[in-house]
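K.L.:
Dropping the structure in here first, questions after.
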Amino acid sequence: IFPVEGEKPAPMAASAPVDADAAILAPFTSDAASWKGRHVVSVQQFDSAESLALPIAIARECGEAVEATGGTELLKGKVLANVFYEPSTRTSCSFAAAMVRMGGGVVPVTGSTSSVAKGETLSDTIRTMACYCDAVVLRHPATGAALEAAAASPVPVLNAGDGTGEHPTQALLDLFTIVSERKADSPDGLTVTMLGDLKHGRTVHSLARLLSLFKVRLNFVAPPGLEMPAYVTDAVTAAGVEVAQSAGLCDELLAATDVLYVTRVQKERFATPEAAAAAKGSYTVDSAVMDKLRPSAVVMHPLPRVDEIAKEVDSDPRAAYFRQMRYGLFMRMALLRLLLLGA
């Protein structure tokens, strides 16, 4: 689980006081200036569809700038710390690219190259990076690590995934992908089917809760034992969202699906290799599955994939998972711009 050459990150310190947590998790508003200096650690910070309109609008602006001139110089002189205690390709590189495309610099940090191998605590690492950088992106194997880091940091912290907990910036880019692919202002009226390892998938945990702010229908399809956690299901149903759960795909479900969000079996989260192997290959989205989807459907995946989407699907115009990464660059540019400039 830990990419630190056999060593784990040092134990997390005691939790931040409840009132400090409440301040960090306070809802975002549509006022760009109010975002400056804040942290993005949880989708709980978004409590209305209106609060999501601002990052989506700015992500569109960022995308237009990249496509037109390669980027901007808005963050010239700013430095981002990319602190990753778990492996990453897309999240790490997209944040780095987002910073560079706005004129800023990036300091990469991994567990194997930092003092975490010597026993340094997470909060001390974050305070250290805040001395050098203007914002910190953190991926950590422990659920709740991002909130601890935010409580210790004088500069904005962005949660790039904390264990099996949340991945809020992925959820934001996923939402941006959905509205962009559907050429809509919101996902209202859509049926979104989430397929795969929903127990361990922090991306689906965050996306489901974010989508609960809209008028959508959610289908959760997972192998036995890998169902969506009850706290997520309870939260979205409490928000008034219609939820259906199933252990398998059926023709009727596929025909009603507007967005098919596929996840891999996260073998690194299982207690034993045998348990992971038993779940592997539970579902495969192939041409036969695609034939049952609507012509307007969108197929997404946070990647990396293993065998849950056949490569033959890549050429289907409904396969949006590589475009999804491009949308992710634009959304992360928007978030950095909002947190560092408030504009």
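We name chains A, B, ... following the order of the structure tokens; residues begin at 1 in each chain, and ligands are numbered from 1 as shown.
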Could you go through stretch 177-251 of chain A and tell me which residues DSSP, when run on the backbone, assigns to strand (DSSP E or B), listing them as an MDAnalysis selection string?

P.N.:
chainID A and resid 191:195 217:221 242:246

K.L.:
Identify all residues of stretch 141-262 of chain A in helix (DSSP H, G or I) (DSSP on the backbone) and supply them as JSON, numbers by chain.

P.N.:
{"A": [145, 146, 147, 148, 149, 150, 151, 152, 168, 169, 170, 171, 172, 173, 174, 175, 176, 177, 178, 179, 180, 181, 202, 203, 204, 205, 206, 207, 208, 209, 210, 211, 230, 231, 232, 233, 234, 235, 236, 237, 238, 251, 252, 253, 254, 255]}

K.L.:
Please report as JSON lines every residue of stretch 24-124 of chain A lying within 6 Å of stretch 133-146 of chain A, along with the nearest atom pair and their distance in Å (one decimal), using only C-alpha atoms.

P.N.:
{"residue": "A:Val41", "atom": "CA", "partner": "A:Ala146", "partner_atom": "CA", "distance": 5.9}
{"residue": "A:Val79", "atom": "CA", "partner": "A:Cys133", "partner_atom": "CA", "distance": 4.9}
{"residue": "A:Leu80", "atom": "CA", "partner": "A:Ala135", "partner_atom": "CA", "distance": 5.1}
{"residue": "A:Ala81", "atom": "CA", "partner": "A:Val136", "partner_atom": "CA", "distance": 4.7}
{"residue": "A:Asn82", "atom": "CA", "partner": "A:Val137", "partner_atom": "CA", "distance": 5.0}
{"residue": "A:Val83", "atom": "CA", "partner": "A:Leu138", "partner_atom": "CA", "distance": 4.9}
{"residue": "A:Phe84", "atom": "CA", "partner": "A:Arg139", "partner_atom": "CA", "distance": 4.8}
{"residue": "A:Tyr85", "atom": "CA", "partner": "A:His140", "partner_atom": "CA", "distance": 5.1}

K.L.:
Show which residues sit within 7 Å of stretch 305-310 of chain A, as a compact mmCIF listing (two decimals) with N, CA and C atoms, in the first residue's frame. Count only C-alpha atoms, and ignore same-chain residues fewer than 4 positions away.

P.N.:
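Below is the file result-v1.txt, written as the result:
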# COMPACT_ATOMS: atom_id res chain seq x y z
N ARG A 264 -11.89 0.47 -11.08
CA ARG A 264 -11.15 -0.78 -11.00
C ARG A 264 -11.29 -1.41 -9.61
N GLY A 281 -11.92 -8.99 -12.25
CA GLY A 281 -12.65 -9.44 -13.44
C GLY A 281 -14.14 -9.61 -13.25
N TYR A 283 -16.48 -7.46 -13.66
CA TYR A 283 -17.20 -6.83 -14.76
C TYR A 283 -16.21 -6.39 -15.81
N THR A 284 -16.66 -6.43 -17.07
CA THR A 284 -15.87 -5.88 -18.16
C THR A 284 -16.81 -5.14 -19.09
N VAL A 285 -16.50 -3.87 -19.31
CA VAL A 285 -17.26 -3.09 -20.27
C VAL A 285 -16.60 -3.30 -21.63
N ASP A 286 -17.31 -3.99 -22.52
CA ASP A 286 -16.78 -4.29 -23.85
C ASP A 286 -17.79 -3.83 -24.90

K.L.:
Quick one, how far is atom CA of A:Ala222 from atom CA of A:Glu252?

P.N.:
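Separation of atom CA of A:Ala222 and atom CA of A:Glu252: 16.5 Å.
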
K.L.:
Tell me, counting only C-alpha atoms, for each residue of stretch 97-193 of chain A within 12 Å of stretch 53-76 of chain A, which pair of atoms is nearest and how far apart they are in Å to one decimal, in rows ordered by chain and increasing number, as CSV.

P.N.:
residue,atom,partner,partner_atom,distance
A:Ala97,CA,A:Gly71,CA,10.1
A:Ala98,CA,A:Gly71,CA,8.7
A:Met99,CA,A:Leu75,CA,7.3
A:Val100,CA,A:Gly71,CA,8.5
A:Arg101,CA,A:Gly71,CA,4.8
A:Met102,CA,A:Thr72,CA,4.6
A:Gly103,CA,A:Lys76,CA,4.3
A:Gly104,CA,A:Lys76,CA,4.7
A:Gly105,CA,A:Lys76,CA,7.9
A:Val106,CA,A:Leu75,CA,11.4
A:Asp134,CA,A:Leu75,CA,10.1
A:Ala135,CA,A:Leu75,CA,11.4
A:Thr169,CA,A:Pro55,CA,10.7
A:Ala171,CA,A:Ile56,CA,11.9
A:Leu172,CA,A:Ile56,CA,8.3
A:Leu173,CA,A:Ile56,CA,8.7
A:Asp174,CA,A:Ile56,CA,10.8
A:Leu175,CA,A:Ile56,CA,8.5
A:Phe176,CA,A:Ile56,CA,6.2
A:Thr177,CA,A:Ile56,CA,9.8
A:Ile178,CA,A:Ile56,CA,11.0
A:Val179,CA,A:Ile56,CA,9.0
A:Ser180,CA,A:Arg60,CA,9.0
A:Lys183,CA,A:Arg60,CA,12.0
A:Ala184,CA,A:Ile56,CA,11.3
A:Asp185,CA,A:Ala53,CA,8.4
A:Ser186,CA,A:Ala53,CA,8.7
A:Pro187,CA,A:Ala53,CA,11.8

K.L.:
Considering only C-alpha atoms, return as a PyMOL selection string whatever protein or nucleic-acid residues lie within 10 Å of A:Phe28, sequence-local ones (same chain, fewer than 5 positions apart) excluded.

P.N.:
chain A and resi 34-35+38+40+44-48+50-52+54

K.L.:
Can you tell me which residues surround A:Val43 at a distance of at most 8 Å, considering only C-alpha atoms, apart from same-chain residues fewer than 5 positions away, and format the answer as a PyMOL selection string?

P.N.:
chain A and resi 166+168+171+206+209-210

K.L.:
What would the file look like if the residues just selected were written as a short mmCIF file (atom, residue, chain, number, x, y, z; two decimals), in the first residue's frame with N, CA, C and O atoms?

P.N.:
data_model
loop_
_atom_site.label_atom_id
_atom_site.label_comp_id
_atom_site.auth_asym_id
_atom_site.auth_seq_id
_atom_site.Cartn_x
_atom_site.Cartn_y
_atom_site.Cartn_z
N GLU A 166 -11.89 10.31 0.61
CA GLU A 166 -12.41 11.19 -0.43
C GLU A 166 -11.35 11.54 -1.47
O GLU A 166 -10.15 11.37 -1.25
N PRO A 168 -11.86 14.88 -3.53
CA PRO A 168 -12.77 15.95 -3.98
C PRO A 168 -12.41 16.60 -5.31
O PRO A 168 -13.30 16.95 -6.08
N ALA A 171 -13.73 14.46 -8.01
CA ALA A 171 -15.18 14.61 -8.14
C ALA A 171 -15.53 15.88 -8.90
O ALA A 171 -16.45 15.89 -9.73
N SER A 206 -16.82 10.46 -3.36
CA SER A 206 -16.93 11.91 -3.49
C SER A 206 -17.91 12.31 -4.58
O SER A 206 -18.72 13.23 -4.40
N ARG A 209 -21.66 11.99 -3.63
CA ARG A 209 -22.13 13.04 -2.72
C ARG A 209 -22.24 14.37 -3.44
O ARG A 209 -23.14 15.17 -3.16
N LEU A 210 -21.34 14.62 -4.38
CA LEU A 210 -21.42 15.87 -5.14
C LEU A 210 -22.66 15.87 -6.04
O LEU A 210 -23.37 16.87 -6.15
#

K.L.:
Closest to A:Tyr321 among A:Arg90, A:His205, A:Gly119, A:Arg127, using only C-alpha atoms?

P.N.:
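With only C-alpha atoms as the atom set, the closest residue is A:Arg90.
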
K.L.:
Between A:Gly163, A:Gly342, A:Pro108, A:Pro302, which has the minimum distance to A:Glu86 (counting only C-alpha atoms)?

P.N.:
A:Gly163

K.L.:
Report as a list of chain:residue names all protein, DNA and RNA residues lying within 9 Å of A:Asn219, evaluated on only C-alpha atoms, omitting residues in the same chain fewer than 4 positions from it.

P.N.:
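Result of the neighbour search: A:Thr191, A:Val192, A:Thr193, A:Met194, A:Leu195, A:Glu242, A:Val243, A:Ala244, A:Gln245, A:Ser246, A:Leu253, A:Thr257.
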
K.L.:
So that I have them on file, write out the residues from the current selection with all heavy atoms, as a short mmCIF file (atom, residue, chain, number, x, y, z; two decimals), in the first residue's frame.

P.N.:
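Here's the written file out32.cif:
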data_model
loop_
_atom_site.label_atom_id
_atom_site.label_comp_id
_atom_site.auth_asym_id
_atom_site.auth_seq_id
_atom_site.Cartn_x
_atom_site.Cartn_y
_atom_site.Cartn_z
N THR A 191 -29.19 9.96 -15.40
CA THR A 191 -29.02 8.73 -14.62
C THR A 191 -27.55 8.33 -14.70
O THR A 191 -27.03 8.11 -15.79
CB THR A 191 -29.91 7.60 -15.17
OG1 THR A 191 -31.29 7.95 -14.99
CG2 THR A 191 -29.62 6.29 -14.43
N VAL A 192 -26.92 8.27 -13.55
CA VAL A 192 -25.50 7.95 -13.48
C VAL A 192 -25.34 6.58 -12.83
O VAL A 192 -25.81 6.36 -11.71
CB VAL A 192 -24.72 9.01 -12.68
CG1 VAL A 192 -23.23 8.65 -12.61
CG2 VAL A 192 -24.91 10.39 -13.30
N THR A 193 -24.68 5.67 -13.54
CA THR A 193 -24.43 4.33 -13.02
C THR A 193 -22.96 4.19 -12.66
O THR A 193 -22.09 4.40 -13.51
CB THR A 193 -24.81 3.26 -14.07
OG1 THR A 193 -26.22 3.35 -14.34
CG2 THR A 193 -24.49 1.86 -13.56
N MET A 194 -22.69 3.85 -11.40
CA MET A 194 -21.33 3.64 -10.93
C MET A 194 -21.09 2.15 -10.80
O MET A 194 -21.86 1.45 -10.12
CB MET A 194 -21.10 4.36 -9.60
CG MET A 194 -21.30 5.86 -9.71
SD MET A 194 -20.94 6.75 -8.16
CE MET A 194 -21.30 8.43 -8.68
N LEU A 195 -20.02 1.67 -11.43
CA LEU A 195 -19.78 0.24 -11.57
C LEU A 195 -18.39 -0.14 -11.08
O LEU A 195 -17.40 0.49 -11.46
CB LEU A 195 -19.92 -0.15 -13.04
CG LEU A 195 -19.47 -1.55 -13.46
CD1 LEU A 195 -20.43 -2.60 -12.90
CD2 LEU A 195 -19.41 -1.64 -14.99
N GLU A 242 -32.80 9.46 -5.82
CA GLU A 242 -33.25 8.09 -6.00
C GLU A 242 -32.05 7.20 -6.26
O GLU A 242 -31.27 7.46 -7.18
CB GLU A 242 -34.25 8.00 -7.15
CG GLU A 242 -34.83 6.61 -7.34
CD GLU A 242 -35.83 6.55 -8.49
OE1 GLU A 242 -36.17 7.61 -9.04
OE2 GLU A 242 -36.26 5.43 -8.83
N VAL A 243 -31.89 6.15 -5.47
CA VAL A 243 -30.73 5.25 -5.56
C VAL A 243 -31.20 3.83 -5.76
O VAL A 243 -32.12 3.36 -5.08
CB VAL A 243 -29.86 5.33 -4.29
CG1 VAL A 243 -28.73 4.31 -4.35
CG2 VAL A 243 -29.28 6.73 -4.12
N ALA A 244 -30.56 3.12 -6.69
CA ALA A 244 -30.80 1.70 -6.89
C ALA A 244 -29.46 0.98 -6.79
O ALA A 244 -28.45 1.46 -7.31
CB ALA A 244 -31.44 1.44 -8.24
N GLN A 245 -29.46 -0.17 -6.09
CA GLN A 245 -28.24 -0.94 -5.94
C GLN A 245 -28.41 -2.32 -6.55
O GLN A 245 -29.49 -2.92 -6.46
CB GLN A 245 -27.86 -1.06 -4.46
CG GLN A 245 -27.61 0.28 -3.80
CD GLN A 245 -26.93 0.15 -2.45
OE1 GLN A 245 -25.77 -0.24 -2.35
NE2 GLN A 245 -27.64 0.47 -1.39
N SER A 246 -27.35 -2.82 -7.16
CA SER A 246 -27.41 -4.10 -7.86
C SER A 246 -26.05 -4.77 -7.83
O SER A 246 -25.02 -4.10 -7.72
CB SER A 246 -27.86 -3.89 -9.30
OG SER A 246 -27.75 -5.06 -10.06
N LEU A 253 -31.05 -1.62 -17.11
CA LEU A 253 -30.23 -0.61 -16.43
C LEU A 253 -29.33 0.12 -17.42
O LEU A 253 -29.22 1.35 -17.39
CB LEU A 253 -29.41 -1.29 -15.33
CG LEU A 253 -28.55 -0.41 -14.43
CD1 LEU A 253 -28.41 -1.04 -13.05
CD2 LEU A 253 -27.16 -0.16 -15.02
N THR A 257 -29.09 4.33 -18.71
CA THR A 257 -27.91 5.03 -18.19
C THR A 257 -27.44 6.14 -19.13
O THR A 257 -27.25 5.92 -20.32
CB THR A 257 -26.76 4.02 -17.98
OG1 THR A 257 -27.13 3.12 -16.92
CG2 THR A 257 -25.47 4.73 -17.60
#

K.L.:
Between atom CA of A:Gly111 and atom CA of A:Lys78, what is the distance, to one decimal in Å?

P.N.:
23.4 Å

K.L.:
Looking at A:Leu198, A:Leu329, A:Ala319, A:Leu339, which one is nearest to A:Glu181, with distances taken over only C-alpha atoms?

P.N.:
A:Ala319
